[in-house]
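A.B. asks: Contents of coords_20.cif (mmCIF, C-alpha atoms) are given next:
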data_data
#
loop_
_atom_site.label_atom_id
_atom_site.label_comp_id
_atom_site.auth_asym_id
_atom_site.auth_seq_id
_atom_site.Cartn_x
_atom_site.Cartn_y
_atom_site.Cartn_z
CA MET A 1 -30.74 -39.35 65.41
CA HIS A 2 -29.26 -42.20 63.39
CA MET A 3 -27.63 -40.28 60.59
CA PRO A 4 -24.92 -42.19 58.71
CA LEU A 5 -21.63 -40.29 59.05
CA PRO A 6 -20.79 -39.79 55.35
CA LEU A 7 -24.23 -38.25 54.86
CA ALA A 8 -23.97 -36.16 58.04
CA ALA A 9 -20.60 -34.77 56.87
CA VAL A 10 -21.98 -33.59 53.53
CA ILE A 11 -25.08 -32.09 55.16
CA GLU A 12 -23.01 -30.22 57.73
CA GLN A 13 -20.61 -28.82 55.15
CA LEU A 14 -23.33 -27.85 52.68
CA SER A 15 -25.32 -26.22 55.50
CA SER A 16 -22.40 -23.94 56.30
CA LEU A 17 -22.63 -22.36 52.83
CA PRO A 18 -24.51 -19.07 52.45
CA SER A 19 -28.29 -19.38 51.98
CA ILE A 20 -28.19 -23.16 52.59
CA GLY A 21 -29.62 -24.19 55.96
CA PRO A 22 -29.78 -27.65 57.53
CA LYS A 23 -33.02 -28.47 55.68
CA SER A 24 -31.69 -27.56 52.23
CA GLY A 25 -28.41 -29.25 53.13
CA LEU A 26 -30.26 -32.48 53.83
CA ARG A 27 -32.31 -32.17 50.66
CA LEU A 28 -29.20 -31.52 48.56
CA ALA A 29 -27.24 -34.41 50.12
CA VAL A 30 -30.12 -36.82 49.52
CA HIS A 31 -30.42 -35.53 45.97
CA LEU A 32 -26.71 -36.23 45.42
CA LEU A 33 -27.22 -39.78 46.69
CA SER A 34 -30.00 -40.24 44.16
CA ARG A 35 -27.80 -39.13 41.24
CA PRO A 36 -25.40 -41.37 39.29
CA PRO A 37 -22.09 -41.73 41.20
CA GLN A 38 -20.18 -40.48 38.13
CA GLU A 39 -22.06 -37.18 38.16
CA VAL A 40 -21.43 -36.65 41.88
CA GLN A 41 -17.73 -37.41 41.40
CA GLU A 42 -17.61 -34.71 38.73
CA LEU A 43 -19.03 -32.18 41.18
CA ALA A 44 -16.53 -33.20 43.85
CA LYS A 45 -13.68 -32.91 41.35
CA SER A 46 -14.75 -29.47 40.15
CA ILE A 47 -14.94 -28.20 43.72
CA ALA A 48 -11.53 -29.70 44.50
CA ASN A 49 -10.09 -28.01 41.40
CA LEU A 50 -11.47 -24.59 42.24
CA HIS A 51 -8.66 -23.36 44.46
CA GLN A 52 -5.99 -25.33 42.65
CA LYS A 53 -6.72 -23.94 39.21
CA MET A 54 -7.89 -20.43 40.05
CA ARG A 55 -5.83 -17.42 41.04
CA PHE A 56 -6.09 -13.64 40.83
CA CYS A 57 -4.86 -11.82 37.71
CA GLU A 58 -1.54 -10.13 38.45
CA GLN A 59 -2.64 -6.94 36.76
CA CYS A 60 -6.31 -6.39 37.65
CA GLY A 61 -6.86 -8.74 40.59
CA GLY A 62 -9.82 -10.47 38.92
CA PHE A 63 -10.34 -14.25 38.75
CA SER A 64 -7.94 -15.92 36.35
CA GLU A 65 -6.48 -19.25 35.32
CA GLN A 66 -3.24 -17.65 34.10
CA THR A 67 -0.89 -14.90 35.31
CA LEU A 68 -2.94 -12.43 33.28
CA CYS A 69 -6.70 -12.85 33.03
CA ARG A 70 -8.41 -13.13 29.67
CA ILE A 71 -9.63 -9.54 29.86
CA CYS A 72 -6.23 -7.99 30.62
CA ALA A 73 -4.60 -10.22 28.00
CA ASN A 74 -7.11 -9.28 25.29
CA PRO A 75 -5.62 -6.62 22.95
CA LYS A 76 -9.12 -5.81 21.65
CA ARG A 77 -10.17 -4.38 25.03
CA ASP A 78 -9.75 -0.65 25.55
CA GLN A 79 -6.54 -0.54 27.59
CA GLN A 80 -6.98 3.11 28.61
CA THR A 81 -10.32 2.80 30.39
CA VAL A 82 -10.32 1.06 33.77
CA CYS A 83 -13.41 0.25 35.81
CA ILE A 84 -12.70 -0.07 39.54
CA VAL A 85 -14.81 -2.65 41.39
CA GLU A 86 -14.71 -4.00 44.92
CA GLN A 87 -14.70 -7.76 44.38
CA ALA A 88 -13.53 -10.18 41.74
CA VAL A 89 -17.10 -11.42 41.38
CA ASP A 90 -18.15 -7.88 40.37
CA VAL A 91 -16.09 -8.30 37.20
CA LEU A 92 -18.15 -11.37 36.31
CA MET A 93 -21.32 -9.35 36.91
CA MET A 94 -20.13 -6.45 34.73
CA GLU A 95 -19.12 -8.84 31.96
CA ARG A 96 -22.49 -10.54 31.73
CA GLY A 97 -23.93 -8.06 29.28
CA ASN A 98 -20.76 -7.47 27.22
CA HIS A 99 -21.53 -3.75 27.45
CA PHE A 100 -18.10 -2.64 28.62
CA GLN A 101 -15.03 -2.77 26.43
CA GLY A 102 -12.40 -1.51 28.89
CA ARG A 103 -10.46 -3.30 31.64
CA TYR A 104 -10.94 -3.63 35.38
CA GLN A 105 -9.18 -3.07 38.67
CA VAL A 106 -10.39 -5.14 41.63
CA LEU A 107 -9.86 -3.49 45.02
CA HIS A 108 -10.51 -6.72 46.97
CA GLY A 109 -12.42 -4.71 49.54
CA ARG A 110 -13.71 -1.23 50.24
CA LEU A 111 -12.70 1.30 52.85
CA SER A 112 -14.36 0.27 56.08
CA PRO A 113 -12.87 1.59 59.34
CA VAL A 114 -15.37 -0.56 61.26
CA ASP A 115 -14.04 -3.74 59.64
CA GLY A 116 -10.47 -2.49 59.82
CA ILE A 117 -10.08 -2.17 56.04
CA HIS A 118 -7.87 0.80 55.21
CA ALA A 119 -6.52 2.38 52.05
CA SER A 120 -3.35 0.31 52.21
CA ASP A 121 -5.43 -2.88 52.02
CA LEU A 122 -6.90 -2.01 48.62
CA TRP A 123 -5.25 -3.48 45.52
CA LEU A 124 -4.16 -0.31 43.70
CA LYS A 125 -0.44 -0.82 43.14
CA SER A 126 -0.74 -2.05 39.55
CA LEU A 127 -3.24 0.69 38.63
CA ASP A 128 -1.07 3.40 40.23
CA GLN A 129 1.87 2.23 38.14
CA GLN A 130 -0.16 2.35 34.94
CA ILE A 131 -1.36 5.86 35.81
CA GLU A 132 2.20 7.00 36.48
CA GLN A 133 3.13 5.67 33.05
CA GLY A 134 0.35 7.80 31.57
CA SER A 135 -1.40 4.84 30.00
CA ILE A 136 -4.86 5.42 31.55
CA GLN A 137 -7.36 7.95 30.19
CA GLU A 138 -10.45 7.25 32.25
CA ILE A 139 -11.23 5.62 35.58
CA ILE A 140 -14.81 4.53 36.24
CA LEU A 141 -15.68 4.15 39.91
CA ALA A 142 -17.99 1.15 40.18
CA THR A 143 -17.81 0.54 43.92
CA SER A 144 -21.14 -0.40 45.48
CA ALA A 145 -23.92 2.06 46.28
CA THR A 146 -23.48 1.51 50.02
CA VAL A 147 -22.09 3.92 52.63
CA ASP A 148 -18.66 2.24 52.51
CA GLY A 149 -18.78 1.94 48.72
CA GLU A 150 -19.58 5.65 48.40
CA ALA A 151 -16.83 6.57 50.84
CA THR A 152 -14.38 4.47 48.82
CA ALA A 153 -15.50 6.16 45.59
CA HIS A 154 -14.98 9.61 47.18
CA TRP A 155 -11.54 8.60 48.40
CA LEU A 156 -10.55 7.26 44.98
CA ALA A 157 -11.87 10.37 43.21
CA ARG A 158 -9.75 12.61 45.49
CA ARG A 159 -6.74 10.34 45.05
CA TYR A 160 -6.78 10.57 41.27
CA GLN A 161 -8.21 14.08 40.70
CA SER A 162 -4.77 15.63 40.20
CA LYS A 163 -3.81 13.06 37.57
CA PRO A 164 -4.26 13.72 33.83
CA LEU A 165 -7.28 11.44 33.48
CA GLN A 166 -11.05 11.55 33.69
CA VAL A 167 -12.78 10.10 36.75
CA SER A 168 -16.42 9.01 36.51
CA ARG A 169 -18.93 7.18 38.72
CA ILE A 170 -21.53 4.68 37.50
CA ALA A 171 -25.06 6.13 37.50
CA ARG A 172 -27.52 5.72 40.36
CA GLY A 173 -31.24 5.51 39.70
CA VAL A 174 -34.27 3.35 39.25
CA PRO A 175 -33.23 -0.22 38.35
CA GLU A 176 -34.64 -1.87 35.22
CA GLY A 177 -38.15 -3.08 36.00
CA GLY A 178 -38.19 -1.12 39.25
CA GLU A 179 -41.60 0.13 40.37
CA LEU A 180 -41.52 3.49 42.14
CA GLU A 181 -43.85 2.14 44.81
CA TYR A 182 -41.16 -0.17 46.17
CA LEU A 183 -38.12 2.09 45.84
CA ASP A 184 -36.50 3.78 48.83
CA GLU A 185 -36.55 7.57 49.01
CA HIS A 186 -32.80 7.96 48.49
CA THR A 187 -32.87 6.13 45.18
CA LEU A 188 -35.86 8.15 44.03
CA SER A 189 -34.25 11.41 45.11
CA ARG A 190 -31.03 10.50 43.24
CA ALA A 191 -32.97 9.46 40.17
CA LEU A 192 -34.70 12.86 40.16
CA GLN A 193 -31.51 14.86 40.73
CA GLN A 194 -29.61 13.00 38.07
CA ARG A 195 -32.42 13.03 35.51
CA ILE A 196 -31.28 13.26 31.92
CA ARG A 197 -32.86 15.15 29.05
CA TRP A 198 -35.24 13.09 26.94
CA GLU A 199 -33.89 12.75 23.44
CA SER A 200 -36.45 11.67 20.87
CA MET B 1 -18.67 -13.58 29.10
CA HIS B 2 -15.12 -14.14 30.34
CA MET B 3 -15.75 -16.78 32.98
CA PRO B 4 -12.69 -18.85 33.95
CA LEU B 5 -13.41 -22.50 33.20
CA PRO B 6 -12.83 -24.02 36.68
CA LEU B 7 -15.32 -21.50 38.08
CA ALA B 8 -17.78 -22.04 35.26
CA ALA B 9 -17.67 -25.80 35.88
CA VAL B 10 -18.56 -25.45 39.57
CA ILE B 11 -21.31 -22.93 38.85
CA GLU B 12 -22.86 -25.15 36.19
CA GLN B 13 -22.82 -28.24 38.39
CA LEU B 14 -24.11 -26.46 41.49
CA SER B 15 -26.85 -24.81 39.42
CA SER B 16 -28.14 -28.20 38.37
CA LEU B 17 -28.95 -29.08 42.00
CA PRO B 18 -32.54 -28.61 43.22
CA SER B 19 -33.39 -25.09 44.43
CA ILE B 20 -30.03 -23.73 43.26
CA GLY B 21 -30.25 -21.56 40.16
CA PRO B 22 -27.45 -19.91 38.17
CA LYS B 23 -27.39 -16.90 40.52
CA SER B 24 -27.07 -18.96 43.71
CA GLY B 25 -24.61 -21.21 41.91
CA LEU B 26 -22.39 -18.23 41.16
CA ARG B 27 -22.70 -16.91 44.71
CA LEU B 28 -21.83 -20.32 46.18
CA ALA B 29 -18.85 -20.83 43.85
CA VAL B 30 -17.47 -17.38 44.68
CA HIS B 31 -18.00 -18.10 48.38
CA LEU B 32 -16.01 -21.34 48.03
CA LEU B 33 -13.19 -19.38 46.39
CA SER B 34 -13.16 -17.02 49.36
CA ARG B 35 -12.83 -19.87 51.89
CA PRO B 36 -9.57 -21.54 52.94
CA PRO B 37 -8.54 -24.18 50.33
CA GLN B 38 -8.41 -26.82 53.10
CA GLU B 39 -12.08 -26.31 53.93
CA VAL B 40 -13.13 -26.53 50.28
CA GLN B 41 -11.08 -29.72 49.84
CA GLU B 42 -12.99 -31.21 52.80
CA LEU B 43 -16.29 -30.48 51.10
CA ALA B 44 -15.07 -32.02 47.83
CA LYS B 45 -13.89 -35.10 49.69
CA SER B 46 -17.16 -35.54 51.59
CA ILE B 47 -19.13 -35.32 48.36
CA ALA B 48 -16.78 -37.79 46.67
CA ASN B 49 -17.19 -40.16 49.62
CA LEU B 50 -20.96 -40.04 49.59
CA HIS B 51 -21.64 -42.75 47.04
CA GLN B 52 -18.55 -44.77 47.95
CA LYS B 53 -19.36 -45.08 51.64
CA MET B 54 -23.14 -45.15 51.60
CA ARG B 55 -25.41 -48.01 50.67
CA PHE B 56 -28.92 -49.20 51.47
CA CYS B 57 -29.50 -51.42 54.51
CA GLU B 58 -30.08 -55.00 53.37
CA GLN B 59 -33.02 -55.40 55.73
CA CYS B 60 -34.94 -52.12 55.70
CA GLY B 61 -33.60 -50.35 52.60
CA GLY B 62 -32.66 -47.21 54.56
CA PHE B 63 -29.35 -45.37 54.27
CA SER B 64 -26.50 -47.28 55.84
CA GLU B 65 -22.74 -47.53 56.05
CA GLN B 66 -22.85 -51.28 56.79
CA THR B 67 -24.82 -54.27 55.55
CA LEU B 68 -27.34 -53.59 58.31
CA CYS B 69 -28.18 -49.99 59.26
CA ARG B 70 -27.76 -48.78 62.81
CA ILE B 71 -31.51 -48.96 63.42
CA CYS B 72 -31.95 -52.55 62.23
CA ALA B 73 -28.79 -53.58 64.11
CA ASN B 74 -29.91 -51.98 67.37
CA PRO B 75 -31.32 -54.65 69.75
CA LYS B 76 -32.97 -51.93 71.83
CA ARG B 77 -35.34 -51.02 69.00
CA ASP B 78 -38.75 -52.71 68.97
CA GLN B 79 -38.19 -55.44 66.36
CA GLN B 80 -41.89 -56.23 66.02
CA THR B 81 -43.13 -52.82 64.93
CA VAL B 82 -42.27 -51.73 61.40
CA CYS B 83 -43.04 -48.33 59.95
CA ILE B 84 -43.31 -48.34 56.14
CA VAL B 85 -42.08 -45.20 54.40
CA GLU B 86 -41.57 -44.31 50.75
CA GLN B 87 -38.01 -42.99 50.70
CA ALA B 88 -34.81 -43.52 52.65
CA VAL B 89 -34.81 -39.83 53.53
CA ASP B 90 -38.18 -40.32 55.26
CA VAL B 91 -36.42 -42.49 57.85
CA LEU B 92 -34.11 -39.57 58.67
CA MET B 93 -37.15 -37.33 59.05
CA MET B 94 -38.95 -39.80 61.35
CA GLU B 95 -35.82 -40.22 63.46
CA ARG B 96 -35.36 -36.49 64.10
CA GLY B 97 -37.59 -36.43 67.14
CA ASN B 98 -36.62 -39.84 68.57
CA HIS B 99 -40.32 -40.51 69.08
CA PHE B 100 -40.42 -43.90 67.41
CA GLN B 101 -38.79 -47.00 68.86
CA GLY B 102 -39.58 -49.53 66.15
CA ARG B 103 -37.88 -50.25 62.84
CA TYR B 104 -38.55 -49.19 59.25
CA GLN B 105 -39.16 -50.58 55.80
CA VAL B 106 -38.33 -48.29 52.88
CA LEU B 107 -40.39 -48.93 49.74
CA HIS B 108 -38.09 -46.87 47.49
CA GLY B 109 -41.14 -45.54 45.73
CA ARG B 110 -44.91 -45.54 45.82
CA LEU B 111 -47.44 -47.04 43.47
CA SER B 112 -47.78 -44.70 40.54
CA PRO B 113 -49.15 -46.12 37.30
CA VAL B 114 -48.46 -42.77 35.60
CA ASP B 115 -44.75 -43.02 36.42
CA GLY B 116 -44.72 -46.75 35.71
CA ILE B 117 -44.06 -47.74 39.33
CA HIS B 118 -45.84 -50.99 40.13
CA ALA B 119 -46.16 -53.24 43.15
CA SER B 120 -43.19 -55.34 42.02
CA ASP B 121 -40.95 -52.27 42.16
CA LEU B 122 -41.52 -51.71 45.87
CA TRP B 123 -38.94 -53.11 48.31
CA LEU B 124 -41.07 -55.52 50.32
CA LYS B 125 -39.21 -58.82 50.03
CA SER B 126 -37.43 -58.57 53.38
CA LEU B 127 -40.59 -57.44 55.18
CA ASP B 128 -42.67 -60.20 53.61
CA GLN B 129 -40.15 -62.78 54.85
CA GLN B 130 -40.25 -61.38 58.37
CA ILE B 131 -44.05 -61.46 58.32
CA GLU B 132 -44.03 -65.07 57.12
CA GLN B 133 -41.74 -65.89 60.05
CA GLY B 134 -44.32 -64.33 62.36
CA SER B 135 -41.88 -61.82 63.82
CA ILE B 136 -43.93 -58.67 63.09
CA GLN B 137 -46.79 -57.48 65.32
CA GLU B 138 -47.64 -54.12 63.82
CA ILE B 139 -47.14 -52.34 60.53
CA ILE B 140 -47.52 -48.57 60.47
CA LEU B 141 -48.28 -47.14 57.04
CA ALA B 142 -46.37 -43.85 56.81
CA THR B 143 -46.55 -43.28 53.06
CA SER B 144 -47.16 -39.69 52.07
CA ALA B 145 -50.53 -37.95 52.26
CA THR B 146 -50.69 -37.63 48.47
CA VAL B 147 -52.98 -39.44 46.03
CA ASP B 148 -50.26 -41.98 45.19
CA GLY B 149 -49.20 -42.29 48.84
CA GLU B 150 -52.80 -42.98 49.87
CA ALA B 151 -53.23 -45.51 47.08
CA THR B 152 -50.04 -47.24 48.22
CA ALA B 153 -51.26 -47.30 51.82
CA HIS B 154 -54.58 -48.84 50.72
CA TRP B 155 -52.76 -51.45 48.65
CA LEU B 156 -50.44 -52.32 51.56
CA ALA B 157 -53.36 -52.52 54.01
CA ARG B 158 -55.18 -54.96 51.71
CA ARG B 159 -51.98 -56.94 51.17
CA TYR B 160 -51.39 -57.51 54.87
CA GLN B 161 -54.98 -57.60 56.21
CA SER B 162 -55.11 -61.41 56.24
CA LYS B 163 -51.86 -61.66 58.23
CA PRO B 164 -51.81 -62.01 62.05
CA LEU B 165 -50.67 -58.42 62.63
CA GLN B 166 -52.10 -54.98 63.22
CA VAL B 167 -52.02 -52.42 60.41
CA SER B 168 -52.23 -48.72 61.22
CA ARG B 169 -51.88 -45.45 59.31
CA ILE B 170 -50.21 -42.30 60.65
CA ALA B 171 -52.77 -39.61 61.59
CA ARG B 172 -53.86 -36.85 59.27
CA GLY B 173 -54.83 -33.46 60.64
CA VAL B 174 -53.79 -29.92 61.39
CA PRO B 175 -49.98 -29.65 61.50
CA GLU B 176 -48.28 -28.14 64.55
CA GLY B 177 -48.56 -24.37 64.34
CA GLY B 178 -51.09 -24.64 61.51
CA GLU B 179 -53.67 -21.87 61.34
CA LEU B 180 -57.09 -23.00 60.12
CA GLU B 181 -57.29 -19.97 57.84
CA TYR B 182 -54.54 -21.36 55.60
CA LEU B 183 -55.47 -25.04 55.62
CA ASP B 184 -57.07 -26.75 52.68
CA GLU B 185 -60.59 -28.14 53.07
CA HIS B 186 -59.52 -31.79 52.86
CA THR B 187 -57.15 -31.46 55.80
CA LEU B 188 -59.80 -29.65 57.84
CA SER B 189 -62.43 -32.23 56.96
CA ARG B 190 -60.06 -35.07 57.96
CA ALA B 191 -59.12 -33.32 61.19
CA LEU B 192 -62.80 -33.03 62.07
CA GLN B 193 -63.68 -36.63 61.15
CA GLN B 194 -60.72 -38.01 63.05
CA ARG B 195 -61.19 -35.81 66.11
CA ILE B 196 -60.19 -37.44 69.37
CA ARG B 197 -61.86 -37.12 72.77
CA TRP B 198 -60.32 -34.44 74.99
CA GLU B 199 -58.78 -36.05 78.03
CA SER B 200 -58.20 -33.62 80.86
#
Mind turning the file's structure into structure tokens?

C.D. replies:
Amino acid sequence: MHMPLPLAAVIEQLSSLPSIGPKSGLRLAVHLLSRPPQEVQELAKSIANLHQKMRFCEQCGGFSEQTLCRICANPKRDQQTVCIVEQAVDVLMMERGNHFQGRYQVLHGRLSPVDGIHASDLWLKSLDQQIEQGSIQEIILATSATVDGEATAHWLARRYQSKPLQVSRIARGVPEGGELEYLDEHTLSRALQQRIRWES
Amino acid sequence: MHMPLPLAAVIEQLSSLPSIGPKSGLRLAVHLLSRPPQEVQELAKSIANLHQKMRFCEQCGGFSEQTLCRICANPKRDQQTVCIVEQAVDVLMMERGNHFQGRYQVLHGRLSPVDGIHASDLWLKSLDQQIEQGSIQEIILATSATVDGEATAHWLARRYQSKPLQVSRIARGVPEGGELEYLDEHTLSRALQQRIRWES
């Protein structure tokens, strides 16, 4: 196939991204060719900047442009409540609704013996220090609702149960807009068990 | 939402690409952050190179790195058979199977009064010259099977019918793997009309 090399390079690299196959890669590359060169240069520049300008917050491990991320550096956030998540992207997800006023701790993984991820691999040093200093009142376990995520939550709960703080786990149940017909039995069973009293 | 700016920039630009929404944009950007910086720089460079290193072939209008594309410059290709397609990407599609040995002419559009695309907008100058020189034996109309594509094919057929060359149109019918149950009536009707004798 007579594919010009500059085009082939972009298609190959785009196709290696998640959820983009060779067909979408081709479509995207051709779309880029059809756009003004200036606009495509902007995209290239932003991608090139990504690693150069982004790092992990020294305190929470979330995405940041500075030593401390904007959440950790914000005095208006509740400094005593820390939500533990697995990945830096989870912080972005939690922040979408502006429903949480506390801070975060990113584990950068979850316990997974199969994948060789052990307790010592989790980013907990900064949090442990803060707990030793007595500056944390509540820890919210927001690891994923998977087998490994649950195991990690259990491990964290045991780890901090002797400390003078409250440990909680985010609720499991029927997601917003979820129709019972399409929900798995475990979710339904949990939603029943953890039902809360109707307050009118 | 506390989204670091370099990340927000990539997400916004990726999300503006076809078939990538804000959610996929976020997932892709986070994936890029998780990859080795070297690899992400390569992607940025390839995208930056795209417009700089690619142009349209002076003869056929297809994608090319040189003045003449590799198809037009290849003496082994049948120089007398020209397949007319709408877009440069269509050439890539036709070339995938290596079933065609002729050359191409890219119109860079199709007649569409609604979109203000008229005959004078179509890239036909080079082909017209070749036809005047008597160097073309057959023209294959491979415009799309849409209303505008059909109209363009009709217009091209009329335009070249007085010339000493053969004009043909790619076949319409049931696509490979197509089940009759899911085919529209026009395709079925065409497939019936244009049935060919079974040769055993």

A.B. asks: If we count all atoms listed in the file, what is near B:Leu43 at a cut-off of 8 Å, once residues fewer than 6 positions away on the same chain are taken out, given as a list in words?

C.D. replies: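 Counting only the stated atoms, we get Val10, Gln13, Leu14, Ala44 and Ile47 of chain A.
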
A.B. asks: Residues of chain B within 6 Å of chain A: nearest atom pair and distance (Å, one decimal) for each, counting all atoms listed in the file, sorted by chain and number, as a tab-separated table?

C.D. replies:
residue	atom	partner	partner_atom	distance
B:Met1	CA	A:Arg96	CA	5.5
B:Pro6	CA	A:Leu50	CA	5.8
B:Val10	CA	A:Ser46	CA	5.6
B:Pro37	CA	A:His51	CA	5.9
B:Gln41	CA	A:Ala48	CA	5.4
B:Ala44	CA	A:Ala44	CA	4.4
B:Ser46	CA	A:Val10	CA	5.5
B:Ile47	CA	A:Ala44	CA	5.6
B:Ala48	CA	A:Gln41	CA	5.4
B:Leu50	CA	A:Pro6	CA	5.8
B:His51	CA	A:Pro37	CA	5.9
B:Glu95	CA	A:Met1	CA	5.5
B:Arg96	CA	A:Met1	CA	5.6

A.B. asks: Using the chain letters and numbers from the file, give me the residues hit by the PyMOL selection byres ((chain A and resi 187-197) around 12), as a list of chain:residue names.

C.D. replies: A:Ala145, A:Thr146, A:Ile170, A:Ala171, A:Arg172, A:Gly173, A:Val174, A:Pro175, A:Gly178, A:Glu179, A:Leu180, A:Glu181, A:Tyr182, A:Leu183, A:Asp184, A:Glu185, A:His186, A:Trp198, A:Glu199, A:Ser200

A.B. asks: Within 12 Å of (-37.5, -59.4, 52.3) in the file's own coordinates, which protein, DNA or RNA residues have an atom, counting all atoms listed in the file? List them as a list in words.

C.D. replies: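 In the file's frame, the residues around the point are Cys57, Glu58, Gln59, Cys60, Gly61, Gln105, Val106, Leu107, Leu122, Trp123, Leu124, Lys125, Ser126, Leu127, Asp128, Gln129, Gln130, Ile131, Glu132 and Gln133 of chain B.
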
A.B. asks: List as number ranges by chain the residues having at least one atom at most 12 Å from position (-45.2, -53.8, 44.2) as given in the file, counting all atoms listed in the file.

C.D. replies: B: 107-113, 116-125, 128, 151-153, 155-156, 159

A.B. asks: Can you spit out the residues from that selection as a CSV table (one decimal), in the coordinates of the input, using C-alpha atoms?

C.D. replies:
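Output contents, as saved in result.csv:
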chain,number,residue,atom,x,y,z
B,107,LEU,CA,-40.4,-48.9,49.7
B,108,HIS,CA,-38.1,-46.9,47.5
B,109,GLY,CA,-41.1,-45.5,45.7
B,110,ARG,CA,-44.9,-45.5,45.8
B,111,LEU,CA,-47.4,-47.0,43.5
B,112,SER,CA,-47.8,-44.7,40.5
B,113,PRO,CA,-49.2,-46.1,37.3
B,116,GLY,CA,-44.7,-46.8,35.7
B,117,ILE,CA,-44.1,-47.7,39.3
B,118,HIS,CA,-45.8,-51.0,40.1
B,119,ALA,CA,-46.2,-53.2,43.2
B,120,SER,CA,-43.2,-55.3,42.0
B,121,ASP,CA,-41.0,-52.3,42.2
B,122,LEU,CA,-41.5,-51.7,45.9
B,123,TRP,CA,-38.9,-53.1,48.3
B,124,LEU,CA,-41.1,-55.5,50.3
B,125,LYS,CA,-39.2,-58.8,50.0
B,128,ASP,CA,-42.7,-60.2,53.6
B,151,ALA,CA,-53.2,-45.5,47.1
B,152,THR,CA,-50.0,-47.2,48.2
B,153,ALA,CA,-51.3,-47.3,51.8
B,155,TRP,CA,-52.8,-51.4,48.6
B,156,LEU,CA,-50.4,-52.3,51.6
B,159,ARG,CA,-52.0,-56.9,51.2

A.B. asks: How would you write, as a PDB file with C-alpha atoms, in the frame of the given file, the residues chosen by the PyMOL selection byres ((chain B and resi 77-85) around 8) on this structure?

C.D. replies:
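After the write, expr_22.pdb holds the following:
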ATOM      1  CA  ILE B  71     -31.510 -48.960  63.420  1.00  0.00           C
ATOM      2  CA  CYS B  72     -31.950 -52.550  62.230  1.00  0.00           C
ATOM      3  CA  ASN B  74     -29.910 -51.980  67.370  1.00  0.00           C
ATOM      4  CA  PRO B  75     -31.320 -54.650  69.750  1.00  0.00           C
ATOM      5  CA  LYS B  76     -32.970 -51.930  71.830  1.00  0.00           C
ATOM      6  CA  GLU B  86     -41.570 -44.310  50.750  1.00  0.00           C
ATOM      7  CA  GLN B  87     -38.010 -42.990  50.700  1.00  0.00           C
ATOM      8  CA  ALA B  88     -34.810 -43.520  52.650  1.00  0.00           C
ATOM      9  CA  ASP B  90     -38.180 -40.320  55.260  1.00  0.00           C
ATOM     10  CA  VAL B  91     -36.420 -42.490  57.850  1.00  0.00           C
ATOM     11  CA  GLN B 101     -38.790 -47.000  68.860  1.00  0.00           C
ATOM     12  CA  GLY B 102     -39.580 -49.530  66.150  1.00  0.00           C
ATOM     13  CA  ARG B 103     -37.880 -50.250  62.840  1.00  0.00           C
ATOM     14  CA  TYR B 104     -38.550 -49.190  59.250  1.00  0.00           C
ATOM     15  CA  GLN B 105     -39.160 -50.580  55.800  1.00  0.00           C
ATOM     16  CA  VAL B 106     -38.330 -48.290  52.880  1.00  0.00           C
ATOM     17  CA  LEU B 107     -40.390 -48.930  49.740  1.00  0.00           C
ATOM     18  CA  SER B 135     -41.880 -61.820  63.820  1.00  0.00           C
ATOM     19  CA  ILE B 136     -43.930 -58.670  63.090  1.00  0.00           C
ATOM     20  CA  GLN B 137     -46.790 -57.480  65.320  1.00  0.00           C
ATOM     21  CA  GLU B 138     -47.640 -54.120  63.820  1.00  0.00           C
ATOM     22  CA  ILE B 139     -47.140 -52.340  60.530  1.00  0.00           C
ATOM     23  CA  ILE B 140     -47.520 -48.570  60.470  1.00  0.00           C
ATOM     24  CA  LEU B 141     -48.280 -47.140  57.040  1.00  0.00           C
ATOM     25  CA  ALA B 142     -46.370 -43.850  56.810  1.00  0.00           C
ATOM     26  CA  THR B 143     -46.550 -43.280  53.060  1.00  0.00           C
ATOM     27  CA  SER B 144     -47.160 -39.690  52.070  1.00  0.00           C
TER      28      SER B 144
END

A.B. asks: Any idea what the distance is between atom CA of B:Ser16 and atom CA of B:Phe56?

C.D. replies: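 Those two atoms sit 24.8 Å apart.
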
A.B. asks: Please compute the atom CA of A:Asp148-atom CA of A:Val167 distance, one decimal, in Å.

C.D. replies: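 Taking atom CA of A:Asp148 and atom CA of A:Val167, their separation equals 18.6 Å.
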
A.B. asks: Is it possible to get the axis-aligned box enclosing stretch 5-14 of chain A (all listed atoms, 6 Å extra per side) as AutoDock Vina command-line options, with centre and edge lengths in Å rounded to one decimal?

C.D. replies:
--center_x -22.8 --center_y -34.1 --center_z 55.9 --size_x 16.5 --size_y 24.4 --size_z 18.4

A.B. asks: For atom CA of A:Ala73 and atom CA of A:Ser168, determine how far apart the two atoms are, in Å to one decimal place.

C.D. replies: 24.1 Å
